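Shown here: model_29.txt, compact mmCIF, C-alpha atoms.
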# COMPACT_ATOMS: atom_id res chain seq x y z
CA MET W 1 -8.32 36.60 6.23
CA GLY W 2 -11.78 35.66 5.01
CA LYS W 3 -10.43 32.33 3.85
CA LEU W 4 -9.38 31.34 7.33
CA ASN W 5 -12.06 29.51 9.18
CA GLN W 6 -13.55 31.47 12.02
CA GLN W 7 -12.65 28.93 14.64
CA PHE W 8 -8.96 29.16 13.84
CA ASP W 9 -9.12 32.93 13.69
CA ALA W 10 -10.68 32.95 17.15
CA LEU W 11 -7.85 30.73 18.40
CA VAL W 12 -5.23 33.14 17.04
CA ARG W 13 -6.87 36.11 18.71
CA ALA W 14 -7.53 34.40 22.02
CA LEU W 15 -4.28 32.53 22.49
CA SER W 16 -1.56 34.57 20.77
CA PRO W 17 -1.02 36.86 23.83
CA GLU W 18 -0.37 34.02 26.26
CA LEU W 19 1.65 32.02 23.73
CA TYR W 20 3.76 35.13 23.15
CA ARG W 21 4.37 35.42 26.91
CA TYR W 22 5.31 31.76 27.12
CA ALA W 23 7.64 32.09 24.11
CA LEU W 24 9.21 35.19 25.61
CA GLY W 25 9.73 33.32 28.88
CA LEU W 26 11.49 30.54 26.99
CA CYS W 27 13.71 32.51 24.62
CA ARG W 28 13.84 35.97 26.31
CA ASN W 29 13.92 37.78 22.97
CA SER W 30 10.84 39.62 21.73
CA ASP W 31 11.60 39.24 18.00
CA VAL W 32 12.28 35.52 18.35
CA ALA W 33 9.17 35.12 20.49
CA GLN W 34 7.03 36.73 17.78
CA ASP W 35 8.47 34.42 15.15
CA LEU W 36 7.93 31.40 17.38
CA VAL W 37 4.26 32.27 17.86
CA GLN W 38 3.80 32.92 14.16
CA GLU W 39 5.47 29.65 13.23
CA THR W 40 3.37 27.84 15.83
CA PHE W 41 0.11 29.04 14.31
CA LEU W 42 1.37 28.31 10.78
CA ARG W 43 2.16 24.74 11.73
CA ALA W 44 -1.12 24.42 13.56
CA TRP W 45 -3.01 25.75 10.57
CA ARG W 46 -1.28 23.28 8.27
CA SER W 47 -2.34 20.36 10.41
CA GLN W 48 -5.57 21.65 11.91
CA GLN W 49 -7.48 18.69 10.53
CA THR W 50 -5.62 16.50 13.02
CA LEU W 51 -7.16 18.49 15.87
CA ARG W 52 -10.27 16.59 16.82
CA ASP W 53 -11.29 18.47 19.92
CA VAL W 54 -11.08 22.25 20.12
CA LYS W 55 -10.82 21.97 23.91
CA THR W 56 -7.39 20.43 23.54
CA ALA W 57 -6.21 23.18 21.15
CA ARG W 58 -4.50 25.15 23.89
CA ALA W 59 -2.26 22.35 25.07
CA TRP W 60 -1.67 21.39 21.42
CA LEU W 61 -0.47 24.91 20.56
CA TYR W 62 1.79 25.03 23.61
CA ALA W 63 3.29 21.71 22.54
CA ILE W 64 3.91 22.99 19.01
CA LEU W 65 5.54 26.15 20.33
CA ARG W 66 7.73 24.15 22.64
CA ASN W 67 8.88 21.96 19.73
CA GLU W 68 9.53 25.03 17.60
CA HIS W 69 11.66 26.50 20.36
CA ALA W 70 13.64 23.26 20.64
CA ARG W 71 14.07 23.20 16.86
CA LEU W 72 15.34 26.77 16.95
CA TYR W 73 17.92 25.85 19.56
CA GLU W 74 19.09 22.95 17.41
CA ARG W 75 19.89 25.43 14.64
CA GLN W 76 21.17 28.38 16.65
CA ARG W 77 21.11 29.98 20.06
CA PRO W 78 19.11 33.18 19.83
CA GLU W 79 20.47 36.39 21.26
CA VAL W 80 19.14 36.74 24.79
CA ARG W 81 18.09 40.12 26.16
CA ASP W 82 19.09 41.22 29.61
CA PRO W 83 15.89 40.83 31.61
CA ALA W 84 16.71 44.02 33.50
CA THR W 85 16.50 46.21 30.41
CA LEU W 86 13.28 48.00 29.65
CA PRO W 87 11.16 46.63 26.80
CA ALA W 88 11.59 48.28 23.39
CA ILE W 89 7.85 48.84 23.17
CA PRO W 90 6.50 50.72 26.20
CA VAL W 91 4.23 48.44 28.18
CA ARG W 92 1.43 49.98 30.19
CA GLY W 93 1.78 49.09 33.84
CA TYR W 94 5.34 47.76 33.40
CA ASP W 95 6.73 47.38 36.91
CA THR W 96 9.98 49.33 37.15
CA SER W 97 10.57 48.72 40.87
CA THR W 98 13.89 47.29 42.05
CA GLU W 99 12.11 44.16 43.28
CA ALA W 100 10.54 43.62 39.88
CA PHE W 101 13.90 43.84 38.10
CA ALA W 102 15.44 41.49 40.66
CA LEU W 103 12.61 39.04 40.12
CA ARG W 104 12.98 39.23 36.34
CA ARG W 105 16.69 38.55 36.65
CA ALA W 106 16.06 35.68 39.04
CA LEU W 107 13.51 34.18 36.68
CA ALA W 108 15.83 34.53 33.70
CA SER W 109 18.67 32.86 35.57
CA LEU W 110 16.56 29.79 36.33
CA ASP W 111 17.58 26.71 34.42
CA LEU W 112 15.07 25.95 31.64
CA GLN W 113 14.07 22.65 33.25
CA TYR W 114 12.77 24.61 36.24
CA ARG W 115 11.62 27.75 34.44
CA GLU W 116 9.48 25.91 31.93
CA PRO W 117 7.07 24.15 34.33
CA LEU W 118 6.71 27.44 36.19
CA LEU W 119 5.80 29.28 32.98
CA LEU W 120 3.31 26.58 32.07
CA GLN W 121 1.73 26.73 35.51
CA ILE W 122 1.53 30.51 35.74
CA ILE W 123 1.00 31.64 32.15
CA GLY W 124 -0.79 28.56 30.84
CA GLY W 125 -2.66 27.74 34.04
CA PHE W 126 -1.96 24.05 33.47
CA SER W 127 -2.26 21.47 36.24
CA CYS W 128 0.71 19.32 37.23
CA ALA W 129 -0.70 16.39 35.28
CA GLU W 130 -1.09 18.56 32.16
CA ILE W 131 2.41 19.98 32.53
CA GLY W 132 3.67 16.44 32.92
CA GLU W 133 2.03 15.46 29.63
CA LEU W 134 3.45 18.49 27.83
CA LEU W 135 6.96 17.94 29.14
CA SER W 136 6.84 14.13 29.16
CA LEU W 137 7.43 14.08 32.90
CA LYS W 138 5.73 12.28 35.76
CA PRO W 139 3.48 14.55 37.87
CA ASN W 140 5.75 14.05 40.88
CA THR W 141 8.74 15.24 38.89
CA VAL W 142 6.75 18.31 37.84
CA LEU W 143 5.94 19.02 41.50
CA THR W 144 9.60 18.70 42.43
CA ARG W 145 10.65 21.07 39.65
CA LEU W 146 8.03 23.63 40.65
CA PHE W 147 9.20 23.39 44.23
CA ARG W 148 12.83 23.84 43.23
CA ALA W 149 12.00 26.68 40.84
CA ARG W 150 10.26 28.73 43.54
CA LYS W 151 12.92 27.88 46.09
CA ALA W 152 15.63 29.08 43.68
CA LEU W 153 13.65 32.25 42.96
CA ARG W 154 13.33 32.96 46.69
CA SER W 155 17.08 32.42 47.21
CA ALA W 156 17.95 34.66 44.27
CA LEU W 157 15.65 37.39 45.56
CA GLU W 158 17.04 37.17 49.08
CA GLU W 159 20.55 37.37 47.63
CA ALA W 160 19.59 40.44 45.62
CA GLN W 161 18.15 42.08 48.73
CA ASP W 162 21.27 41.25 50.76
CA ARG W 163 23.68 42.49 48.12
CA PRO W 164 23.47 46.25 48.85
CA GLU W 165 24.09 45.57 52.57
CA LYS W 166 27.12 43.42 51.79
CA HIS W 167 28.34 46.18 49.53
CA HIS W 168 27.86 48.60 52.36
CA GLU W 169 29.76 46.37 54.79
CA LEU W 170 32.71 46.21 52.41
CA SER W 171 32.96 49.95 51.90
CA MET M 1 0.84 17.40 57.82
CA ASN M 2 4.04 18.79 59.32
CA CYS M 3 5.69 22.15 58.61
CA LEU M 4 8.10 20.68 56.04
CA GLU M 5 5.31 19.03 54.07
CA PHE M 6 3.26 22.22 54.25
CA ARG M 7 6.07 24.41 52.90
CA ARG M 8 6.92 21.93 50.19
CA GLY M 9 3.28 21.83 49.10
CA LEU M 10 3.02 25.58 49.12
CA LEU M 11 6.17 26.02 47.04
CA GLN M 12 4.62 23.73 44.44
CA ASP M 13 1.54 25.91 44.23
CA PRO M 14 1.21 28.87 46.62
CA PHE M 15 -2.51 29.20 45.91
CA ASP M 16 -3.32 25.54 46.44
CA SER M 17 -6.36 25.35 48.71
CA ALA M 18 -6.18 21.69 49.65
CA ASN M 19 -7.75 21.00 53.05
CA GLY M 20 -4.55 19.68 54.60
CA LEU M 21 -2.65 22.87 53.72
CA LEU M 22 -5.38 25.18 55.00
CA GLU M 23 -5.69 23.28 58.26
CA HIS M 24 -1.96 23.44 58.92
CA GLU M 25 -1.81 27.12 58.06
CA ALA M 26 -4.63 27.89 60.49
CA GLY M 27 -2.81 26.11 63.32
CA CYS M 28 0.81 27.19 62.76
CA GLY M 29 1.75 30.87 63.06
CA GLU M 30 5.21 30.56 61.47
CA CYS M 31 3.87 28.67 58.47
CA ALA M 32 1.04 31.18 58.12
CA THR M 33 3.64 33.99 57.88
CA PHE M 34 5.64 31.94 55.38
CA ALA M 35 2.47 31.42 53.32
CA ARG M 36 1.63 35.14 53.35
CA GLU M 37 5.12 36.11 52.16
CA LEU M 38 5.19 33.41 49.51
CA ARG M 39 1.76 34.39 48.17
CA ALA M 40 2.84 38.04 47.99
CA GLU M 41 5.91 37.00 45.95
CA GLU M 42 3.79 34.74 43.80
CA THR M 43 1.32 37.56 43.10
CA ARG M 44 4.19 39.76 41.99
CA LEU M 45 5.65 36.96 39.85
CA ARG M 46 2.29 36.34 38.15
CA ALA M 47 1.85 40.05 37.51
CA LEU M 48 5.34 40.25 35.99
CA LEU M 49 4.82 37.30 33.69
CA ASN M 50 1.43 38.54 32.56
CA GLU M 51 2.27 42.24 32.25
CA VAL M 52 3.86 41.76 28.83
CA SER M 53 1.54 42.42 25.93
CA PRO M 54 2.41 41.09 22.50
CA PRO M 55 3.22 43.67 19.82
CA PRO M 56 -0.05 44.96 18.33
CA GLN M 57 0.82 43.68 14.85
CA LEU M 58 1.32 40.07 15.98
CA VAL M 59 -2.20 38.85 15.14
CA ASP M 60 -2.11 40.63 11.75
CA ASN M 61 1.29 39.08 10.98
CA ILE M 62 0.01 35.59 11.82
CA GLN M 63 -3.07 36.05 9.65
CA LEU M 64 -0.94 37.42 6.83
CA ALA M 65 1.50 34.50 7.06
CA ILE M 66 -1.39 32.05 6.87
CA SER M 67 -2.90 33.86 3.90
CA LEU M 68 0.47 33.74 2.15
CA GLN M 69 0.70 30.05 2.78
CA GLN M 70 -2.76 29.55 1.36
CA ARG M 71 -1.75 31.55 -1.69
CA GLY M 72 1.44 29.50 -1.98
CA ARG M 73 -0.55 26.28 -1.89
CA SER M 74 -2.95 27.39 -4.58
CA ARG M 75 -0.01 28.62 -6.67
CA ARG M 76 1.64 25.22 -6.34
CA GLN M 77 -1.59 23.49 -7.38
CA VAL M 78 -1.80 25.73 -10.45
CA TRP M 79 1.85 24.99 -11.16
CA TYR M 80 1.34 21.22 -10.93
CA ALA M 81 -1.65 21.45 -13.26
CA ALA M 82 0.31 23.56 -15.70
CA ALA M 83 3.26 21.18 -15.53
CA ALA M 84 0.99 18.23 -16.32
CA SER M 85 -0.42 20.05 -19.35
CA VAL M 86 3.03 20.92 -20.59
CA LEU M 87 4.12 17.29 -20.30
CA LEU M 88 1.33 16.26 -22.66
CA ILE M 89 2.58 18.45 -25.46
CA VAL M 90 6.28 18.49 -24.67
CA GLY M 91 7.09 15.55 -26.96
CA ALA M 92 5.81 17.34 -30.02
CA THR M 93 7.27 20.76 -29.35
CA MET M 94 10.46 19.95 -27.45
CA THR M 95 12.85 21.88 -29.65
CA SER M 96 10.95 25.13 -29.80
CA LEU M 97 10.17 25.06 -26.11
CA MET M 98 13.82 24.54 -25.19
CA SER M 99 14.91 27.52 -27.24
CA THR M 100 12.57 29.88 -25.43
CA SER M 101 12.24 28.30 -21.99
CA TRP M 102 14.96 30.35 -20.32
CA GLU M 103 13.50 33.56 -21.66
CA ARG M 104 10.04 32.62 -20.44
CA GLY M 105 11.39 31.64 -17.06
CA ASN M 106 13.17 34.95 -16.76
CA MET M 107 10.06 36.90 -17.68
CA ALA M 108 8.02 34.88 -15.20
CA LEU M 109 10.58 35.54 -12.47
CA ALA M 110 10.57 39.29 -13.09
CA GLN M 111 6.77 39.27 -13.16
CA SER M 112 6.59 37.25 -9.95
CA VAL M 113 8.77 39.86 -8.23
CA LEU M 114 6.39 42.63 -9.33
CA ASN M 115 3.34 40.55 -8.34
CA HIS M 116 4.83 39.92 -4.92
CA ILE M 117 5.41 43.65 -4.37
CA ASP M 118 1.85 44.44 -5.52
CA ASP M 119 0.31 41.68 -3.41
CA GLU M 120 2.07 42.95 -0.32
CA ALA M 121 1.96 46.65 -1.09
CA HIS M 122 1.05 47.33 2.53
CA HIS M 123 4.65 46.54 3.50
CA LEU M 124 5.78 49.50 1.41
CA ARG M 125 4.01 51.69 3.93
CA GLU M 126 5.86 50.27 6.95
CA ALA M 127 7.15 53.45 8.54
CA GLY M 128 9.54 52.84 11.39
CA PRO M 129 12.97 51.27 11.32
CA ILE M 130 13.00 47.76 12.72
CA ALA M 131 15.70 46.44 15.03
CA GLN M 132 18.93 45.23 13.45
CA SER M 133 18.56 42.04 15.49
CA ARG M 134 15.26 41.32 13.71
CA VAL M 135 16.92 41.68 10.28
CA LYS M 136 19.77 39.44 11.37
CA TYR M 137 17.34 36.89 12.71
CA VAL M 138 15.43 36.70 9.42
CA PHE M 139 18.65 36.02 7.50
CA ALA M 140 19.82 33.58 10.15
CA ARG M 141 16.75 31.43 9.47
CA PHE M 142 18.39 30.59 6.14
CA GLY M 143 21.83 30.08 7.64
CA ALA M 144 22.79 33.44 6.11
CA GLU M 145 24.57 36.20 7.98
CA LEU M 146 24.16 39.93 7.78
CA SER M 147 27.75 41.00 8.30
CA GLY M 148 27.64 44.64 7.20
CA ASP M 149 25.56 47.77 7.59
CA ILE M 150 22.72 48.05 5.10
CA GLY M 151 21.20 51.16 6.65
CA GLN M 152 17.63 51.56 7.81
CA VAL M 153 15.26 48.65 7.21
CA ASN M 154 11.51 49.19 7.60
CA PHE M 155 10.38 45.60 7.10
CA ALA M 156 12.08 42.20 7.14
CA ALA M 157 10.41 38.81 6.93
CA GLU M 158 10.74 35.32 5.61
CA CYS M 159 8.40 35.17 2.63
CA LEU M 160 7.24 32.64 0.11
CA MET M 161 8.80 33.59 -3.23
CA ARG M 162 7.93 31.84 -6.48
CA LYS M 163 9.29 28.43 -5.53
CA ARG M 164 10.56 28.56 -1.99
CA ASN M 165 10.95 30.91 0.92
CA GLY M 166 13.33 33.84 0.80
CA VAL M 167 13.97 37.14 2.53
CA HIS M 168 11.76 40.15 1.90
CA LEU M 169 13.13 43.56 2.90
CA VAL M 170 11.71 47.05 2.53
CA LEU M 171 14.13 49.95 2.85
CA PRO M 172 13.61 53.69 2.52
CA GLY M 173 14.73 55.25 -0.77
CA ARG M 174 14.88 58.76 -2.20
CA GLN M 175 11.80 58.38 -4.39
CA GLY M 176 9.94 55.98 -2.11
CA PRO M 177 10.31 52.56 -0.52
CA ILE M 178 12.71 50.06 -2.06
CA THR M 179 12.01 46.34 -2.02
CA ALA M 180 14.77 43.74 -1.91
CA PHE M 181 14.17 40.02 -2.29
CA PHE M 182 16.82 37.39 -1.54
CA MET M 183 15.57 34.42 -3.56
CA PRO M 184 17.42 31.14 -2.98
CA GLY M 185 17.05 28.65 -5.82
CA GLU M 186 15.98 31.28 -8.40
CA ARG M 187 18.97 31.46 -10.73
CA PRO M 188 18.51 33.36 -13.99
CA GLU M 189 21.39 33.06 -16.48
CA LYS M 190 22.08 36.79 -16.51
CA PRO M 191 20.91 39.96 -14.73
CA LEU M 192 17.26 40.66 -15.50
CA PRO M 193 15.45 43.99 -15.69
CA VAL M 194 12.24 44.44 -13.70
CA LYS M 195 9.84 47.08 -14.96
CA SER M 196 6.24 48.12 -14.49
CA ALA M 197 4.26 51.35 -14.69
CA ARG M 198 5.39 52.27 -11.18
CA PHE M 199 8.51 50.26 -10.43
CA GLN M 200 11.90 49.54 -11.96
CA GLY M 201 14.83 47.48 -10.82
CA HIS M 202 16.87 44.38 -11.53
CA ILE M 203 17.44 40.79 -10.51
CA VAL M 204 21.08 39.80 -10.09
CA PRO M 205 22.01 36.09 -10.18
CA THR M 206 24.23 34.50 -7.53
CA VAL M 207 25.44 30.94 -6.97
CA TRP M 208 22.70 30.26 -4.43
CA GLY M 209 19.89 32.13 -6.23
CA SER M 210 19.39 35.80 -6.92
CA ILE M 211 18.78 39.22 -5.39
CA ALA M 212 16.04 41.51 -6.68
CA VAL M 213 16.17 45.23 -5.91
CA VAL M 214 13.14 47.23 -7.02
CA GLY M 215 12.14 50.86 -6.39
CA GLU M 216 10.11 53.67 -7.87
CA HIS M 217 11.09 55.06 -11.29
CA GLY M 218 14.11 57.34 -10.99
CA GLU M 219 15.36 55.63 -7.83
CA PRO M 220 19.12 54.95 -7.94
CA LEU M 221 19.42 51.25 -7.04
CA GLN M 222 22.90 50.24 -8.15
CA GLU M 223 24.64 51.34 -4.96
CA LEU M 224 22.07 49.74 -2.67
CA GLY M 225 22.18 46.50 -4.65
CA GLU M 226 25.96 46.33 -4.26
CA LYS M 227 25.72 47.18 -0.59
CA LEU M 228 23.15 44.42 0.04
CA ALA M 229 25.15 41.88 -1.94
CA ALA M 230 28.32 42.71 -0.01
CA ALA M 231 26.68 42.73 3.41
CA VAL M 232 24.99 39.34 3.28
CA LEU M 233 26.90 36.09 3.57
CA TRP M 234 24.67 33.38 2.16
CA PRO M 235 25.44 29.68 2.50
CA ALA M 236 26.65 28.22 -0.78
CA ALA M 237 24.51 25.28 -1.88
CA THR M 238 26.16 24.02 -5.03
CA GLY M 239 29.26 22.11 -6.09
CA ASP M 240 32.45 22.46 -4.10
CA LEU M 241 31.14 25.61 -2.39
CA VAL M 242 28.68 23.64 -0.27
CA GLY M 243 28.82 24.68 3.35
CA GLN M 244 30.77 27.88 2.71
CA ARG M 245 29.38 31.30 3.36
CA LEU M 246 30.48 33.82 0.78
CA PRO M 247 29.56 37.45 0.15
CA ALA M 248 26.74 37.61 -2.38
CA ALA M 249 28.83 40.05 -4.42
CA ALA M 250 31.64 37.51 -4.76
CA LEU M 251 29.17 34.88 -5.84
CA VAL M 252 27.94 37.13 -8.64
CA ALA M 253 31.49 37.53 -9.88
CA GLN M 254 31.90 33.76 -10.15
CA GLN M 255 29.01 33.39 -12.59
Can you turn what I pasted into structure tokens?
Amino acid sequence: MGKLNQQFDALVRALSPELYRYALGLCRNSDVAQDLVQETFLRAWRSQQTLRDVKTARAWLYAILRNEHARLYERQRPEVRDPATLPAIPVRGYDTSTEAFALRRALASLDLQYREPLLLQIIGGFSCAEIGELLSLKPNTVLTRLFRARKALRSALEEAQDRPEKHHELS
Amino acid sequence: MNCLEFRRGLLQDPFDSANGLLEHEAGCGECATFARELRAEETRLRALLNEVSPPPQLVDNIQLAISLQQRGRSRRQVWYAAAASVLLIVGATMTSLMSTSWERGNMALAQSVLNHIDDEAHHLREAGPIAQSRVKYVFARFGAELSGDIGQVNFAAECLMRKRNGVHLVLPGRQGPITAFFMPGERPEKPLPVKSARFQGHIVPTVWGSIAVVGEHGEPLQELGEKLAAAVLWPAATGDLVGQRLPAAALVAQQ
């Protein structure tokens, strides 16, 4: 580890948690997410001389991870975990309420074109313009996708809340 | 701003504090309720997405992978330098070199297997079984398929071998941990013994490369070697077998 420059080491420590969350949101498989993050940092390390401004490193790493995920899908479709199952590694503070599981399911069922801008906004904290650059979309398109993503989430949640009542009506 | 514009804006970013949004919210009771509900949902969504912590070993794994790559680069540089030196004298000693080159290559391969185990001795201490899906994923990165049960696996990763990447497994044995390397492109002419003060094992050639199985002295490895070879379908990369996936055991038999 001593051979790695300190700046890159700091990047790994600071950004691997959020990149892991973003990767997990994309592929919904913890093992694959870990490999995606590892591969992202390996690629970044190989071409770190092309990074002129450390301030842009975050967006750069997100872009690499996104490409790695796309590359992975070209080769194979990774096994997707049911978002309602509990994580293999116990997570402190993991919300096990019915609403939380419904929300996880709703999020997982979102089409990637809507889920991805939402992940970038919430996990990455990127602005619409930055998300647009990362996804090669116009800012207005990003706004539309964010709008549709949240609208779809709300509908899915309302449906989940209505379901037990419907069940009750049928019985 | 009307109610429709307000709700559209809020669904794009529930915590947007643009003046127009705040003004409308202050003057419209229904939209204020909508905003409260949406922000409560958004808070829950943000908490859900950020509640996941990466596995504790993730940073270590990244640092290790980068170190391995550094090592691989320096090894390649040494190899290029060595190759250049050999080229200078190859004209004069061609015949004698050819007669012993295979033997040297075999010795170097066996030694590289032992070096790899020593360099990454910490993987021998990996305690817990890892998920079968993880093992399958590592093989899948090479287009290979784990089609049978190989028992408990404590470690599985894509690793830089002598020339190119392969699969590194650590499995529990009777005497201690057993290391298995699937090494595409490394094709010795015949099975090779691997031996050091602590370890013993063998390297078995296949059409696509070879499989090394190495454990502590006294560890029975034959059965595990056969099990591994039978359980993994590796893509054939030579001749008329290109594109096929055959059991490693069958590939050995075709040598």
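Counting all atoms listed in the file, every residue of chain M that comes within 8 Å of chain W is listed here: Arg8, Gly9, Leu11, Gln12, Asp13, Arg44, Leu45, Arg46, Leu48, Leu49, Asn50, Glu51, Val52, Ser53, Pro54, Pro55, Leu58, Val59, Asn61, Ile62, Gln63, Leu64, Ala65, Ile66, Ser67, Ser133, Arg134 and Tyr137 of chain M.
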Between atom CA of W:Ser97 and atom CA of W:Arg115, distance in Å (one decimal): 22.0 Å
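Nearest to M:Lys190 of all the residues M:Val135, M:Asp60, M:Gln69, M:Asn106 is M:Asn106, based on all atoms listed in the file.
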Polymer residues at most 10 Å from (18.5, 29.4, 6.9) by all atoms listed in the file, as a ChimeraX atom specification: /W:75 /M:137-145,158,165-167,234-235
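One finds atom CA of M:Met183 at 22.1 Å from atom CA of M:Arg125.
Between atom CA of W:Ala63 and atom CA of W:Glu116 there is a distance of 12.0 Å.
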Close residues, M:Leu114 itself excluded, 9 Å, only C-alpha atoms, min 2 positions apart in chain, as an MDAnalysis selection string: chainID M and resid 109:112 116:119 194:196 199 214
